[in-house]
Amino acid sequence: MKRLMCVLVSLLLVGLAGCSSATDSGAATAEDKQAGLKFAQCMRENGVPDFEDPTFDENGEMELRFPPGTDPNAVKPTQEKCKRYLPNGGEPEKMNAEDVKKFQAYAKCMRENGMPDYPDPDAEGRSRFESGKEPDPNDPDLKTAHEKCGEHLPGGGGGGVVILGGGK
C-alpha cells in the first residue's frame with residue numbers, strides 16, 4: 001500500500017504536497033519516480049523553467065523544491081495545473097488519528113529542543129510555517145532537534161526532515 005507522509009511541509013502555504021511517496025517497504029516505486037519527473041517537467045513547461053527534478057533518499061522520500069527566489073503566488077496556477085502528476089494528485093492521504101498524535105508529540109519535542117517556533121500540526125498531521133518563518137533545512141539546530149524527536153514520528157522517524165519553500 002502506498003503511503004504519502006509529510007514529515008514537514010512548509011511551502012509558504014502554497015499547498016504542494018512535496019513529501020514522500022513510498023511503499024510500506026520504504027522504497028519509492030518506479031511509478032512514484034516517474035510521477036515526480038512528470039510533475040517537474042510540467043512545472044518547467046508552464047513557467048518555472050528552473051524547477052529541478054525530484055530527488056529520492058534511501059527511504060524513498062521524494063523531495064520537490066522550488067528554485068530560490070520563487071514567488072509562491074506566481075507559481076500557484078502552474079502548481080495547480082501540474083499536481084495531477086503527483087501521487088494522490090499532490091494531496092496527502094488522510095492520516096489516522098494515531099499518526100496525527102505522533103506528529104503532535106514530534107512538534108512539541110521540536111519546540112522543547114531548540115525550535116521554539118515549530119508549529120503544531122493540522123488535523124492531517126502537517127506542520128506549516130508562516131511565510132518567511134521557515135527554518136533553514138541546513139540549520140544544525142533543526143537537524144539536532146529532529147534527531148532527538150524523530151522517534152515520535154510514525155514509523156519511528158525513518159526519513160529526514162523535508163522543508164520546502166521559495167528559496168530556503
# chains A, B, ... in the order shown; residues from 1 in each chain; ligands from 1
>>> select_by_dssp(residues="range 32-132 of chain A", states="helix (DSSP H, G or I)", output="PyMOL selection string")
chain A and resi 32-45+72-85+87-90+97-112
>>> residues_around(residues="Thr55 in chain A", least_positions_apart="2", cutoff="10 Å", atoms="only C-alpha atoms", output="list in words")
Lys33, Gly36, Leu37, Glu52, Asp53, Asp57, Gly60, Glu61, Met62, Glu63, Leu64 and Arg65 of chain A
>>> write_last_selection(atoms="C-alpha atoms", output="mmCIF file, in the first residue's frame")
data_model
loop_
_atom_site.group_PDB
_atom_site.id
_atom_site.type_symbol
_atom_site.label_atom_id
_atom_site.label_comp_id
_atom_site.auth_asym_id
_atom_site.auth_seq_id
_atom_site.Cartn_x
_atom_site.Cartn_y
_atom_site.Cartn_z
ATOM 1 C CA LYS A 33 9.621 8.379 -9.567
ATOM 2 C CA GLY A 36 7.710 13.152 -9.816
ATOM 3 C CA LEU A 37 9.612 13.574 -13.084
ATOM 4 C CA GLU A 52 14.600 20.681 -10.731
ATOM 5 C CA ASP A 53 13.756 17.009 -10.994
ATOM 6 C CA ASP A 57 16.569 9.492 -0.440
ATOM 7 C CA GLY A 60 12.080 6.566 -0.690
ATOM 8 C CA GLU A 61 11.224 10.120 0.368
ATOM 9 C CA MET A 62 10.558 12.303 -2.675
ATOM 10 C CA GLU A 63 11.691 15.893 -2.324
ATOM 11 C CA LEU A 64 10.490 18.646 -4.620
ATOM 12 C CA ARG A 65 11.944 22.148 -4.390
#
>>> atom_distance(atom1="CA of Arg128 in chain A", atom2="CA of Arg111 in chain A")
14.0 Å
>>> residues_around(residues="Arg84 in chain A", least_positions_apart="4", cutoff="10 Å", atoms="only C-alpha atoms", output="PyMOL selection string")
chain A and resi 35+38-39+42+79-80+88-91
>>> closest_residue(among="A:Glu31, A:Asp50, A:Asp141, A:Phe56", to="Pro68 in chain A", atoms="only C-alpha atoms")
A:Asp50
